[in-house]
file protein.cif (mmCIF, C-alpha atoms)
data_target
loop_
_atom_site.label_atom_id
_atom_site.label_comp_id
_atom_site.auth_asym_id
_atom_site.auth_seq_id
_atom_site.Cartn_x
_atom_site.Cartn_y
_atom_site.Cartn_z
CA MET K 6 -5.83 -5.11 35.31
CA GLN K 7 -8.52 -2.94 36.87
CA THR K 8 -10.22 -0.45 34.56
CA PHE K 9 -12.44 2.56 35.21
CA PHE K 10 -14.48 3.14 32.08
CA THR K 11 -17.91 4.67 32.57
CA PRO K 12 -21.09 2.86 31.39
CA GLU K 13 -21.43 5.55 28.73
CA GLN K 14 -17.90 4.90 27.43
CA LEU K 15 -18.55 1.15 27.32
CA ARG K 16 -21.43 1.66 24.93
CA ASP K 17 -18.79 2.34 22.27
CA PRO K 18 -17.90 -1.11 20.77
CA GLY K 19 -14.27 -0.09 20.40
CA ILE K 20 -13.97 0.93 24.05
CA GLU K 21 -15.84 -2.18 25.14
CA ARG K 22 -13.32 -4.36 23.27
CA ALA K 23 -10.39 -2.35 24.67
CA ASN K 24 -11.80 -2.83 28.17
CA GLN K 25 -11.97 -6.61 27.68
CA ILE K 26 -8.36 -6.68 26.54
CA LEU K 27 -7.07 -4.41 29.30
CA ARG K 28 -8.80 -6.44 31.99
CA SER K 29 -7.10 -9.61 30.74
CA CYS K 30 -3.64 -8.10 31.32
CA VAL K 31 -2.00 -9.00 34.66
CA HIS K 32 1.00 -6.70 33.96
CA CYS K 33 3.43 -9.59 34.53
CA GLY K 34 5.98 -8.14 32.11
CA MET K 35 6.74 -11.37 30.26
CA CYS K 36 6.05 -9.52 27.01
CA THR K 37 9.08 -7.29 27.55
CA ALA K 38 11.39 -10.27 27.04
CA THR K 39 10.30 -10.71 23.41
CA CYS K 40 9.57 -7.11 22.41
CA PRO K 41 12.09 -5.93 19.79
CA THR K 42 11.75 -2.22 20.55
CA TYR K 43 12.24 -2.81 24.27
CA GLN K 44 15.38 -4.80 23.51
CA VAL K 45 16.74 -2.01 21.31
CA LEU K 46 15.65 1.03 23.35
CA GLY K 47 15.40 -0.34 26.90
CA ASP K 48 12.48 1.97 27.74
CA GLU K 49 9.51 0.47 29.58
CA LEU K 50 7.19 2.72 27.57
CA ASP K 51 8.55 1.08 24.41
CA SER K 52 7.38 -2.33 25.62
CA PRO K 53 3.87 -3.80 25.30
CA ARG K 54 3.25 -3.38 29.02
CA GLY K 55 4.27 0.27 28.92
CA ARG K 56 2.17 0.97 25.85
CA ILE K 57 -0.81 -0.75 27.45
CA TYR K 58 -0.58 1.65 30.41
CA LEU K 59 -0.38 4.63 28.05
CA ILE K 60 -3.38 3.40 26.03
CA LYS K 61 -5.39 2.67 29.17
CA ASP K 62 -4.84 6.16 30.55
CA MET K 63 -5.65 7.83 27.22
CA LEU K 64 -8.86 5.87 26.66
CA GLU K 65 -10.12 5.98 30.25
CA GLN K 66 -9.64 9.73 30.42
CA GLY K 67 -11.38 10.08 27.06
CA ARG K 68 -8.74 12.60 26.07
CA PRO K 69 -6.99 13.32 22.80
CA ALA K 70 -3.67 11.60 22.27
CA ASP K 71 -0.61 13.57 23.34
CA ALA K 72 2.85 13.68 21.78
CA ARG K 73 4.37 11.35 24.39
CA THR K 74 1.78 8.62 23.83
CA VAL K 75 1.99 8.97 20.05
CA THR K 76 5.79 8.63 20.11
CA HIS K 77 5.70 5.30 21.92
CA ILE K 78 2.75 3.88 19.97
CA ASP K 79 4.41 4.87 16.69
CA ARG K 80 7.52 2.95 17.75
CA CYS K 81 5.50 -0.26 18.06
CA LEU K 82 6.17 -2.64 15.17
CA SER K 83 2.90 -4.55 15.64
CA CYS K 84 5.06 -7.65 15.32
CA LEU K 85 2.77 -9.33 17.89
CA ALA K 86 5.58 -11.31 19.53
CA CYS K 87 4.00 -10.17 22.80
CA MET K 88 0.80 -12.06 21.90
CA THR K 89 2.75 -15.28 21.44
CA THR K 90 4.52 -14.77 24.76
CA CYS K 91 1.60 -13.54 26.88
CA PRO K 92 0.33 -16.21 29.32
CA SER K 93 -2.95 -14.34 29.81
CA GLY K 94 -3.98 -14.14 26.15
CA VAL K 95 -3.98 -10.34 25.93
CA HIS K 96 -5.07 -9.43 22.39
CA TYR K 97 -2.59 -6.62 21.97
CA MET K 98 -3.24 -6.32 18.21
CA HIS K 99 -6.84 -5.19 18.63
CA LEU K 100 -5.85 -2.82 21.44
CA VAL K 101 -3.03 -1.07 19.60
CA ASP K 102 -5.10 -0.86 16.41
CA HIS K 103 -7.86 0.91 18.37
CA ALA K 104 -5.27 3.23 19.91
CA ARG K 105 -3.92 4.12 16.48
CA ALA K 106 -7.41 4.96 15.24
CA HIS K 107 -7.91 7.16 18.29
CA ILE K 108 -4.59 8.90 17.61
CA GLU K 109 -5.54 9.47 13.98
CA THR K 110 -8.78 11.25 14.93
CA THR K 111 -7.59 13.21 17.99
CA TYR K 112 -3.94 14.15 17.40
CA ARG K 113 -2.59 16.67 14.91
CA ARG K 114 0.80 15.44 13.80
CA PRO K 115 3.62 17.74 12.66
CA LEU K 116 3.32 18.77 9.02
CA MET K 117 6.05 16.44 7.70
CA ASP K 118 4.49 13.46 9.49
CA ARG K 119 1.11 14.22 7.99
CA LEU K 120 2.55 14.58 4.49
CA LEU K 121 4.61 11.39 4.63
CA ARG K 122 1.78 9.28 6.02
CA ARG K 123 -0.64 10.69 3.46
CA VAL K 124 1.76 9.93 0.60
CA LEU K 125 2.29 6.34 1.80
CA ALA K 126 -1.47 5.78 2.09
CA LEU K 127 -2.05 7.15 -1.41
CA VAL K 128 0.82 5.31 -3.11
CA ILE K 129 1.76 1.90 -1.69
CA PRO K 130 -1.70 0.24 -1.86
CA TYR K 131 -1.87 1.00 -5.60
CA PRO K 132 0.66 -1.01 -7.67
CA GLY K 133 0.74 1.43 -10.59
CA ARG K 134 1.38 4.44 -8.37
CA PHE K 135 3.88 2.49 -6.30
CA ARG K 136 5.79 1.34 -9.37
CA LEU K 137 6.00 4.95 -10.61
CA SER K 138 7.14 6.20 -7.20
CA LEU K 139 9.92 3.58 -7.09
CA ARG K 140 11.16 4.74 -10.50
CA LEU K 141 11.16 8.34 -9.30
CA ALA K 142 12.98 7.31 -6.13
CA ARG K 143 15.75 5.75 -8.19
CA LEU K 144 16.19 9.07 -9.99
CA GLY K 145 16.30 10.91 -6.66
CA ARG K 146 18.80 8.61 -4.98
CA PRO K 147 21.92 10.60 -6.04
CA PHE K 148 20.50 13.53 -4.06
CA LYS K 149 19.87 11.47 -0.91
CA ARG K 150 22.38 13.38 1.20
CA LEU K 151 20.46 16.58 0.58
CA MET K 152 17.30 15.13 2.15
CA PRO K 153 16.75 16.73 5.58
CA ASP K 154 14.63 13.87 6.96
CA ALA K 155 15.92 10.32 7.59
CA ARG K 156 12.53 8.98 6.54
CA LEU K 157 12.89 10.53 3.09
CA ARG K 158 16.31 8.94 2.75
CA ALA K 159 14.83 5.58 3.76
CA MET K 160 12.20 5.93 1.05
CA LEU K 161 14.87 6.54 -1.57
CA ASP K 162 16.83 3.51 -0.31
CA MET K 163 13.77 1.30 -0.71
CA ALA K 164 13.76 1.59 -4.49
CA PRO K 165 15.28 -1.56 -6.04
CA ALA K 166 17.89 -1.32 -8.78
CA ARG K 167 15.51 -3.12 -11.14
CA LEU K 168 11.73 -3.38 -11.26
CA PRO K 169 10.11 -6.36 -12.95
CA PRO K 170 7.52 -5.68 -15.64
CA PRO K 171 3.89 -6.24 -14.57
CA SER K 172 2.89 -9.89 -14.73
CA PRO K 173 -0.14 -10.77 -16.86
CA ASN K 174 -0.96 -13.42 -14.24
CA ASP K 175 -1.96 -10.69 -11.78
CA ARG K 176 -4.93 -9.65 -13.93
CA PRO K 177 -8.41 -10.98 -13.04
CA GLN K 178 -8.72 -14.43 -14.61
CA THR K 179 -9.13 -18.13 -13.89
CA PHE K 180 -6.33 -20.66 -14.20
CA ALA K 181 -8.30 -23.82 -14.96
CA VAL K 182 -7.00 -27.37 -14.46
CA PRO K 183 -8.16 -30.57 -16.16
CA ASP K 184 -8.96 -32.68 -13.07
CA ARG K 185 -9.85 -30.11 -10.46
CA LYS K 186 -9.24 -31.12 -6.86
CA LYS K 187 -9.98 -27.74 -5.31
CA ARG K 188 -10.84 -24.18 -6.31
CA VAL K 189 -9.18 -21.22 -4.62
CA ALA K 190 -8.89 -17.45 -4.97
CA LEU K 191 -5.42 -15.90 -4.88
CA MET K 192 -4.90 -12.54 -3.23
CA THR K 193 -2.21 -10.98 -5.39
CA GLY K 194 -1.24 -8.15 -3.04
CA CYS K 195 -0.37 -4.56 -3.87
CA ALA K 196 3.29 -3.76 -3.12
CA GLN K 197 4.24 -7.31 -4.07
CA LYS K 198 2.87 -6.84 -7.60
CA ALA K 199 5.30 -3.98 -8.09
CA LEU K 200 8.33 -5.35 -6.26
CA ASP K 201 8.38 -9.06 -7.09
CA THR K 202 6.06 -10.63 -9.67
CA ASP K 203 7.83 -14.01 -9.39
CA ILE K 204 5.98 -14.82 -6.16
CA ASN K 205 2.47 -14.85 -7.60
CA ASP K 206 3.68 -16.54 -10.78
CA ALA K 207 5.27 -19.34 -8.73
CA THR K 208 2.16 -19.67 -6.57
CA ILE K 209 -0.10 -20.07 -9.59
CA ARG K 210 2.22 -22.62 -11.23
CA LEU K 211 2.47 -24.66 -8.06
CA LEU K 212 -1.24 -24.67 -7.27
CA THR K 213 -2.31 -25.60 -10.80
CA ARG K 214 0.38 -28.30 -10.98
CA LEU K 215 -1.26 -29.83 -7.90
CA GLY K 216 -4.71 -29.76 -9.46
CA VAL K 217 -5.99 -26.59 -7.82
CA GLU K 218 -8.01 -24.23 -10.00
CA THR K 219 -6.86 -20.72 -9.13
CA VAL K 220 -8.86 -17.57 -9.70
CA VAL K 221 -7.69 -13.97 -9.43
CA PRO K 222 -10.98 -12.23 -8.55
CA LYS K 223 -12.20 -9.14 -10.32
CA GLY K 224 -12.41 -6.07 -8.06
CA MET K 225 -9.80 -7.28 -5.57
CA GLY K 226 -7.17 -4.82 -4.32
CA CYS K 227 -5.13 -3.89 -1.27
CA CYS K 228 -6.13 -5.82 1.86
CA GLY K 229 -6.24 -2.61 3.90
CA ALA K 230 -3.40 -3.51 6.27
CA LEU K 231 -1.25 -0.47 5.53
CA THR K 232 -3.95 2.11 6.24
CA HIS K 233 -5.40 0.01 9.09
CA HIS K 234 -2.09 0.14 10.96
CA MET K 235 -1.92 3.88 10.38
CA GLY K 236 -5.26 4.28 12.15
CA ARG K 237 -6.98 5.35 8.94
CA GLU K 238 -10.10 3.30 9.61
CA ALA K 239 -12.27 4.60 6.77
CA ASP K 240 -9.59 3.88 4.17
CA ALA K 241 -8.93 0.42 5.58
CA GLN K 242 -12.63 -0.46 5.72
CA ALA K 243 -13.10 0.67 2.12
CA SER K 244 -10.21 -1.51 0.89
CA ALA K 245 -11.31 -4.50 2.93
CA GLY K 246 -14.94 -4.08 1.86
CA ARG K 247 -13.96 -4.24 -1.81
CA ASN K 248 -12.10 -7.48 -1.20
CA ILE K 249 -14.95 -9.02 0.76
CA ARG K 250 -17.35 -8.32 -2.11
CA ALA K 251 -14.86 -9.65 -4.67
CA PHE K 252 -14.24 -12.88 -2.77
CA MET K 253 -17.91 -13.42 -1.98
CA ALA K 254 -18.77 -13.12 -5.67
CA GLU K 255 -16.57 -16.19 -6.21
CA VAL K 256 -17.97 -17.98 -3.15
CA LEU K 257 -21.52 -17.48 -4.42
CA GLY K 258 -20.50 -18.31 -7.98
CA GLU K 259 -18.49 -21.50 -8.51
CA GLY K 260 -17.48 -21.64 -4.84
CA LEU K 261 -14.13 -21.49 -3.08
CA ASP K 262 -12.28 -23.99 -0.93
CA ALA K 263 -9.87 -21.33 0.31
CA ILE K 264 -8.53 -17.83 -0.20
CA ILE K 265 -4.79 -18.18 -0.67
CA ILE K 266 -2.49 -15.43 0.58
CA ASN K 267 1.26 -15.47 -0.03
CA THR K 268 2.05 -12.18 1.70
CA SER K 269 1.68 -12.94 5.38
CA GLY K 270 1.16 -9.31 6.40
CA CYS K 271 -1.98 -9.33 4.26
CA GLY K 272 -3.01 -12.69 5.66
CA THR K 273 -3.09 -11.47 9.25
CA THR K 274 -5.39 -8.61 8.27
CA VAL K 275 -7.73 -10.68 6.06
CA LYS K 276 -8.09 -13.24 8.84
CA ASP K 277 -9.19 -10.34 11.06
CA TYR K 278 -11.89 -9.03 8.69
CA GLY K 279 -14.52 -10.68 10.89
CA HIS K 280 -13.46 -8.48 13.80
CA MET K 281 -12.99 -5.37 11.68
CA PHE K 282 -16.57 -5.62 10.34
CA ARG K 283 -18.35 -6.74 13.51
CA GLY K 284 -21.67 -4.89 13.70
CA ASP K 285 -21.41 -3.91 10.02
CA PRO K 286 -23.86 -5.06 7.30
CA LEU K 287 -20.90 -6.95 5.81
CA ALA K 288 -20.23 -8.80 9.09
CA ALA K 289 -21.39 -12.25 7.95
CA ASP K 290 -19.54 -12.02 4.63
CA ALA K 291 -16.41 -10.71 6.37
CA ALA K 292 -16.46 -13.62 8.81
CA LYS K 293 -16.83 -16.04 5.89
CA VAL K 294 -13.85 -14.52 4.08
CA SER K 295 -11.75 -14.66 7.24
CA ALA K 296 -12.62 -18.31 7.71
CA LEU K 297 -11.58 -19.14 4.14
CA ALA K 298 -8.26 -17.24 4.30
CA LYS K 299 -5.13 -19.38 4.46
CA ASP K 300 -1.46 -18.70 4.07
CA VAL K 301 -0.20 -20.55 1.01
CA THR K 302 1.94 -22.84 3.20
CA GLU K 303 -1.06 -23.72 5.40
CA PHE K 304 -2.98 -24.80 2.33
CA LEU K 305 -0.07 -26.71 0.78
CA ASP K 306 0.62 -28.51 4.04
CA GLU K 307 -2.98 -29.75 4.10
CA LEU K 308 -2.94 -30.60 0.40
CA GLY K 309 0.36 -32.47 0.52
CA LEU K 310 3.44 -32.08 -1.65
CA PRO K 311 5.51 -34.76 -3.39
CA GLU K 312 8.94 -35.37 -1.90
CA ALA K 313 12.07 -34.04 -3.59
CA ASP K 314 15.79 -33.82 -2.88
CA MET K 315 16.94 -30.26 -3.52
CA GLY K 316 19.93 -30.45 -1.19
CA LEU K 317 20.43 -26.73 -0.48
CA ARG K 318 20.93 -25.29 2.99
CA VAL K 319 18.16 -22.75 3.59
CA ALA K 320 17.90 -20.32 6.52
CA TYR K 321 14.19 -19.88 7.16
CA HIS K 322 13.05 -16.47 8.39
CA ALA K 323 9.68 -16.62 10.14
CA ALA K 324 7.77 -13.43 9.32
CA CYS K 325 6.14 -11.97 12.43
CA SER K 326 2.77 -11.74 10.72
CA LEU K 327 2.97 -15.46 9.97
CA GLN K 328 4.35 -16.87 13.23
CA HIS K 329 2.72 -14.42 15.67
CA GLY K 330 -0.20 -12.96 13.74
CA GLN K 331 -1.45 -16.21 12.20
CA LYS K 332 0.29 -18.81 14.39
CA VAL K 333 1.61 -20.59 11.29
CA THR K 334 4.96 -21.90 12.46
CA ASN K 335 5.65 -25.46 11.36
CA ALA K 336 4.10 -25.70 7.88
CA PRO K 337 6.69 -23.64 5.93
CA LYS K 338 9.62 -25.52 7.45
CA ALA K 339 7.96 -28.93 7.05
CA LEU K 340 7.23 -28.23 3.38
CA LEU K 341 10.80 -27.12 2.69
CA ARG K 342 12.17 -30.23 4.39
CA ARG K 343 9.79 -32.43 2.41
CA ALA K 344 11.18 -30.80 -0.73
CA GLY K 345 14.66 -31.88 0.33
CA PHE K 346 16.05 -28.60 1.60
CA GLU K 347 18.17 -28.53 4.73
CA VAL K 348 16.34 -26.00 6.91
CA VAL K 349 18.12 -24.01 9.59
CA GLU K 350 16.78 -21.23 11.80
CA PRO K 351 18.48 -18.17 13.27
CA ALA K 352 18.89 -17.48 16.95
CA ASP K 353 15.90 -15.62 18.38
CA PRO K 354 13.64 -16.47 15.42
CA HIS K 355 10.73 -14.76 17.18
CA LEU K 356 12.30 -11.32 16.78
CA CYS K 357 11.24 -8.93 13.99
CA CYS K 358 13.51 -8.03 11.08
CA GLY K 359 12.33 -4.40 11.30
CA SER K 360 10.26 -4.25 8.11
CA ALA K 361 6.75 -4.24 9.63
CA GLY K 362 4.80 -2.68 6.78
CA THR K 363 5.86 0.95 6.55
CA TYR K 364 7.85 0.85 9.80
CA ASN K 365 11.20 0.74 7.98
CA LEU K 366 10.21 4.00 6.27
CA MET K 367 8.73 5.80 9.28
CA GLN K 368 11.17 4.55 11.97
CA PRO K 369 14.36 3.97 9.94
CA GLU K 370 16.86 4.03 12.82
CA ILE K 371 15.15 1.33 14.91
CA SER K 372 14.37 -0.65 11.77
CA ALA K 373 18.01 -0.57 10.65
CA GLU K 374 19.20 -1.90 14.01
CA LEU K 375 16.70 -4.76 13.91
CA LYS K 376 17.73 -5.57 10.34
CA THR K 377 21.40 -5.74 11.31
CA ARG K 378 20.63 -8.12 14.15
CA LYS K 379 18.38 -10.34 12.04
CA VAL K 380 20.81 -10.57 9.12
CA ALA K 381 23.66 -11.47 11.49
CA THR K 382 21.70 -14.33 13.05
CA LEU K 383 20.63 -15.65 9.65
CA GLU K 384 24.11 -15.49 8.13
CA ALA K 385 25.56 -17.16 11.24
CA GLN K 386 23.84 -20.41 10.18
CA GLY K 387 25.96 -20.62 7.04
CA PRO K 388 23.07 -20.94 4.57
CA GLU K 389 23.22 -20.87 0.80
CA LEU K 390 20.04 -18.82 0.68
CA ILE K 391 17.31 -17.34 2.88
CA ALA K 392 13.59 -18.17 2.59
CA ALA K 393 10.72 -16.07 3.89
CA GLY K 394 6.96 -15.80 3.40
CA ASN K 395 6.45 -12.05 3.29
CA ILE K 396 7.59 -9.53 0.67
CA GLY K 397 8.35 -6.84 3.26
CA CYS K 398 10.74 -9.14 5.12
CA MET K 399 12.35 -10.21 1.85
CA VAL K 400 13.08 -6.61 0.83
CA GLN K 401 14.28 -5.67 4.32
CA ILE K 402 16.62 -8.64 4.77
CA GLY K 403 17.74 -8.56 1.14
CA SER K 404 18.98 -4.99 1.59
CA GLY K 405 21.37 -6.17 4.31
CA THR K 406 22.88 -9.37 2.90
CA ALA K 407 24.53 -10.68 -0.24
CA LEU K 408 22.69 -13.99 0.12
CA PRO K 409 19.70 -14.53 -2.17
CA VAL K 410 16.36 -14.08 -0.38
CA VAL K 411 13.59 -16.16 -1.92
CA HIS K 412 9.92 -16.67 -1.11
CA THR K 413 9.16 -20.11 0.32
CA VAL K 414 6.64 -20.77 -2.46
CA GLU K 415 9.28 -20.12 -5.15
CA LEU K 416 11.42 -22.90 -3.69
CA LEU K 417 8.46 -25.29 -3.47
CA ASP K 418 7.52 -24.50 -7.07
CA TRP K 419 11.09 -25.24 -8.17
CA ALA K 420 11.16 -28.51 -6.18
CA THR K 421 7.99 -29.75 -7.87
CA GLY K 422 8.98 -29.04 -11.44
CA GLY K 423 8.93 -25.27 -11.80
CA PRO K 424 11.81 -23.07 -12.93
CA LYS K 425 14.77 -22.27 -10.74
CA PRO K 426 14.09 -18.94 -8.97
CA ALA K 427 15.75 -16.11 -10.88
CA LYS K 428 17.18 -14.79 -7.61
CA LEU K 429 19.41 -17.86 -7.39
CA GLY K 430 21.15 -16.99 -10.66
#

call {"tool": "encode", "arguments": {"input": "protein.cif", "output": "structure tokens"}}
result
Amino acid sequence: MQTFFTPEQLRDPGIERANQILRSCVHCGMCTATCPTYQVLGDELDSPRGRIYLIKDMLEQGRPADARTVTHIDRCLSCLACMTTCPSGVHYMHLVDHARAHIETTYRRPLMDRLLRRVLALVIPYPGRFRLSLRLARLGRPFKRLMPDARLRAMLDMAPARLPPPSPNDRPQTFAVPDRKKRVALMTGCAQKALDTDINDATIRLLTRLGVETVVPKGMGCCGALTHHMGREADAQASAGRNIRAFMAEVLGEGLDAIIINTSGCGTTVKDYGHMFRGDPLAADAAKVSALAKDVTEFLDELGLPEADMGLRVAYHAACSLQHGQKVTNAPKALLRRAGFEVVEPADPHLCCGSAGTYNLMQPEISAELKTRKVATLEAQGPELIAAGNIGCMVQIGSGTALPVVHTVELLDWATGGPKPAKLG
């Protein structure tokens, strides 16, 4: 694709990167075949190719974002299926993230949009605040019909019937093992600590059972993904910077063989810290952290698991952030099969379930349609349960099916001697 940025514009590192990405696009349109919003809406501007044209025009003209551009960028899930499909290697993630930052600084959203986005940024990354908000949402659910905005109703629907108590395992500490094979740091997440404490508990049990010393670093917090995808660069950099310092303290202390992440949405962002901090004083440390980051199934696949014979039929849902963002596709399924589960996959496994961070709250109609389609394809396989590697997907899919939805690591923990996941009854 030909671009027309001026030399002055190209001195901005963000524009320079956008120019590289735009010039790699040959506008072939193959991305439209795997774009969930294009399949639902049928609008070229709600496809990656259409959004690329909108972003190109906005950035080349050096103009503030307009309502039309914002509408179509906001509808993007950032599922990154287009990056898996693209034959030219267009790095759509970096381009749309830059566009969102530009929107955040140049476009004044309607009042309700500004309030909702501000509330999400101030609540979800903080487990204590998020836990309190979920309790309040449960109280407000009887009044859902009185809510004038579908997004407010979606927020009330998100609150689970029961919240687990905080897990002591999520506090900064080291889980030592007698004959240490490896030493890793566990990123415990933010929303996950409020919604489902079983995931981190199972991860810690499994790793230590396999001889892996596991540390929950002091000073670690939200990975920054939520605010990053809102275009709130300063907030995202602050969150990521805290994590980089926390992880590097362990690297420079007793050392780390890996940083384990069991929420794949976080993993995609942490693996991109090197790009996020390019040109920053933390650049070298950020690149080191990104290089150490591994999804828990990546690490377990390398480490090796003992065989088992669990015998249950499991429908595996591949989270977009795992299969497209991190290109981790085979490890989760191979591990489940090694544990003796019969693994089946839905039709169109590349398509998003509609969770996508805060997307199910900010774009509830599109999200609901994608959820319906995903649940139908999963249930069509006749499974006894559904496995996934991302808390957002688990909550989204779980709200549309009666089947239990369990994290992959919970099943692997069970297969190697841990307790049966509580979700299985």

call {"tool": "residues_around", "arguments": {"input": "protein.cif", "residues": "region 366-383 of chain K", "least_positions_apart": "6", "cutoff": "6 Å", "atoms": "only C-alpha atoms", "output": "list in words"}}
result
Arg156, Ala159, Met160, Pro351, Ala352, Cys358 and Gly359 of chain K

call {"tool": "residues_around", "arguments": {"input": "protein.cif", "residues": "Gly194 (chain K)", "least_positions_apart": "6", "cutoff": "10 Å", "atoms": "all atoms listed in the file", "output": "ChimeraX atom specification"}}
result
/K:130-132,175,205,225-228,266-268,270-272,396

call {"tool": "write_last_selection", "arguments": {"input": "protein.cif", "atoms": "C-alpha atoms", "output": "PDB file, in the coordinates of the input"}}
result
ATOM      1  CA  PRO K 130      -1.700   0.240  -1.860  1.00  0.00           C
ATOM      2  CA  TYR K 131      -1.870   1.000  -5.600  1.00  0.00           C
ATOM      3  CA  PRO K 132       0.660  -1.010  -7.670  1.00  0.00           C
ATOM      4  CA  ASP K 175      -1.960 -10.690 -11.780  1.00  0.00           C
ATOM      5  CA  ASN K 205       2.470 -14.850  -7.600  1.00  0.00           C
ATOM      6  CA  MET K 225      -9.800  -7.280  -5.570  1.00  0.00           C
ATOM      7  CA  GLY K 226      -7.170  -4.820  -4.320  1.00  0.00           C
ATOM      8  CA  CYS K 227      -5.130  -3.890  -1.270  1.00  0.00           C
ATOM      9  CA  CYS K 228      -6.130  -5.820   1.860  1.00  0.00           C
ATOM     10  CA  ILE K 266      -2.490 -15.430   0.580  1.00  0.00           C
ATOM     11  CA  ASN K 267       1.260 -15.470  -0.030  1.00  0.00           C
ATOM     12  CA  THR K 268       2.050 -12.180   1.700  1.00  0.00           C
ATOM     13  CA  GLY K 270       1.160  -9.310   6.400  1.00  0.00           C
ATOM     14  CA  CYS K 271      -1.980  -9.330   4.260  1.00  0.00           C
ATOM     15  CA  GLY K 272      -3.010 -12.690   5.660  1.00  0.00           C
ATOM     16  CA  ILE K 396       7.590  -9.530   0.670  1.00  0.00           C
TER      17      ILE K 396
END

call {"tool": "atom_distance", "arguments": {"input": "protein.cif", "atom1": "CA of Val182 (chain K)", "atom2": "CA of Leu215 (chain K)"}}
result
9.1 Å

call {"tool": "closest_atom_pairs", "arguments": {"input": "protein.cif", "of": "region 189-251 of chain K", "to": "region 110-128 of chain K", "cutoff": "12 Å", "atoms": "only C-alpha atoms", "output": "Markdown table"}}
result
| residue | atom | partner | partner_atom | distance |
| --- | --- | --- | --- | --- |
| K:Cys195 | CA | K:Val128 | CA | 10.0 |
| K:Ala196 | CA | K:Val128 | CA | 9.4 |
| K:Ala199 | CA | K:Val128 | CA | 11.5 |
| K:Cys227 | CA | K:Ala126 | CA | 10.9 |
| K:Gly229 | CA | K:Ala126 | CA | 9.8 |
| K:Ala230 | CA | K:Ala126 | CA | 10.4 |
| K:Leu231 | CA | K:Ala126 | CA | 7.1 |
| K:Thr232 | CA | K:Ala126 | CA | 6.1 |
| K:His233 | CA | K:Ala126 | CA | 9.9 |
| K:His234 | CA | K:Ala126 | CA | 10.5 |
| K:Met235 | CA | K:Arg122 | CA | 7.9 |
| K:Gly236 | CA | K:Thr110 | CA | 8.3 |
| K:Arg237 | CA | K:Thr110 | CA | 8.6 |
| K:Glu238 | CA | K:Thr110 | CA | 9.7 |
| K:Ala239 | CA | K:Thr110 | CA | 11.1 |
| K:Asp240 | CA | K:Ala126 | CA | 8.6 |
| K:Ala241 | CA | K:Ala126 | CA | 9.8 |
| K:Ser244 | CA | K:Ala126 | CA | 11.4 |

call {"tool": "write_last_selection", "arguments": {"input": "protein.cif", "atoms": "C-alpha atoms", "output": "PDB file, in the coordinates of the input"}}
result
ATOM      1  CA  CYS K 195      -0.370  -4.560  -3.870  1.00  0.00           C
ATOM      2  CA  ALA K 196       3.290  -3.760  -3.120  1.00  0.00           C
ATOM      3  CA  ALA K 199       5.300  -3.980  -8.090  1.00  0.00           C
ATOM      4  CA  CYS K 227      -5.130  -3.890  -1.270  1.00  0.00           C
ATOM      5  CA  GLY K 229      -6.240  -2.610   3.900  1.00  0.00           C
ATOM      6  CA  ALA K 230      -3.400  -3.510   6.270  1.00  0.00           C
ATOM      7  CA  LEU K 231      -1.250  -0.470   5.530  1.00  0.00           C
ATOM      8  CA  THR K 232      -3.950   2.110   6.240  1.00  0.00           C
ATOM      9  CA  HIS K 233      -5.400   0.010   9.090  1.00  0.00           C
ATOM     10  CA  HIS K 234      -2.090   0.140  10.960  1.00  0.00           C
ATOM     11  CA  MET K 235      -1.920   3.880  10.380  1.00  0.00           C
ATOM     12  CA  GLY K 236      -5.260   4.280  12.150  1.00  0.00           C
ATOM     13  CA  ARG K 237      -6.980   5.350   8.940  1.00  0.00           C
ATOM     14  CA  GLU K 238     -10.100   3.300   9.610  1.00  0.00           C
ATOM     15  CA  ALA K 239     -12.270   4.600   6.770  1.00  0.00           C
ATOM     16  CA  ASP K 240      -9.590   3.880   4.170  1.00  0.00           C
ATOM     17  CA  ALA K 241      -8.930   0.420   5.580  1.00  0.00           C
ATOM     18  CA  SER K 244     -10.210  -1.510   0.890  1.00  0.00           C
TER      19      SER K 244
END

call {"tool": "closest_residue", "arguments": {"input": "protein.cif", "among": "K:Arg210, K:Arg150, K:His322, K:Lys61", "to": "Gly423 (chain K)", "atoms": "all atoms listed in the file"}}
result
K:Arg210

call {"tool": "atom_distance", "arguments": {"input": "protein.cif", "atom1": "CA of Gly94 (chain K)", "atom2": "CA of Cys36 (chain K)"}}
result
11.1 Å

call {"tool": "closest_residue", "arguments": {"input": "protein.cif", "among": "K:Gly403, K:Met98, K:Leu257, K:Ala298", "to": "Val275 (chain K)", "atoms": "only C-alpha atoms"}}
result
K:Ala298

call {"tool": "closest_residue", "arguments": {"input": "protein.cif", "among": "K:Asp262, K:Glu350, K:Glu415, K:Glu255", "to": "Glu384 (chain K)", "atoms": "all atoms listed in the file"}}
result
K:Glu350

call {"tool": "atom_distance", "arguments": {"input": "protein.cif", "atom1": "CA of Thr302 (chain K)", "atom2": "CA of Thr274 (chain K)"}}
result
16.8 Å

call {"tool": "residues_near_point", "arguments": {"input": "protein.cif", "point": "(-15.7, -16.3, 4.2)", "cutoff": "9 Å", "atoms": "all atoms listed in the file", "output": "PyMOL selection string"}}
result
chain K and resi 249+252-253+256+263-264+279+289-298

call {"tool": "resolve_selection", "arguments": {"input": "protein.cif", "expression": "the PyMOL selection byres ((chain K and resi 104) around 12)", "output": "count of residues only"}}
result
46

call {"tool": "resolve_selection", "arguments": {"input": "protein.cif", "expression": "the PyMOL selection byres ((chain K and resi 158) around 10)", "output": "ChimeraX atom specification"}}
result
/K:142,145-146,148-157,159-163,366,369
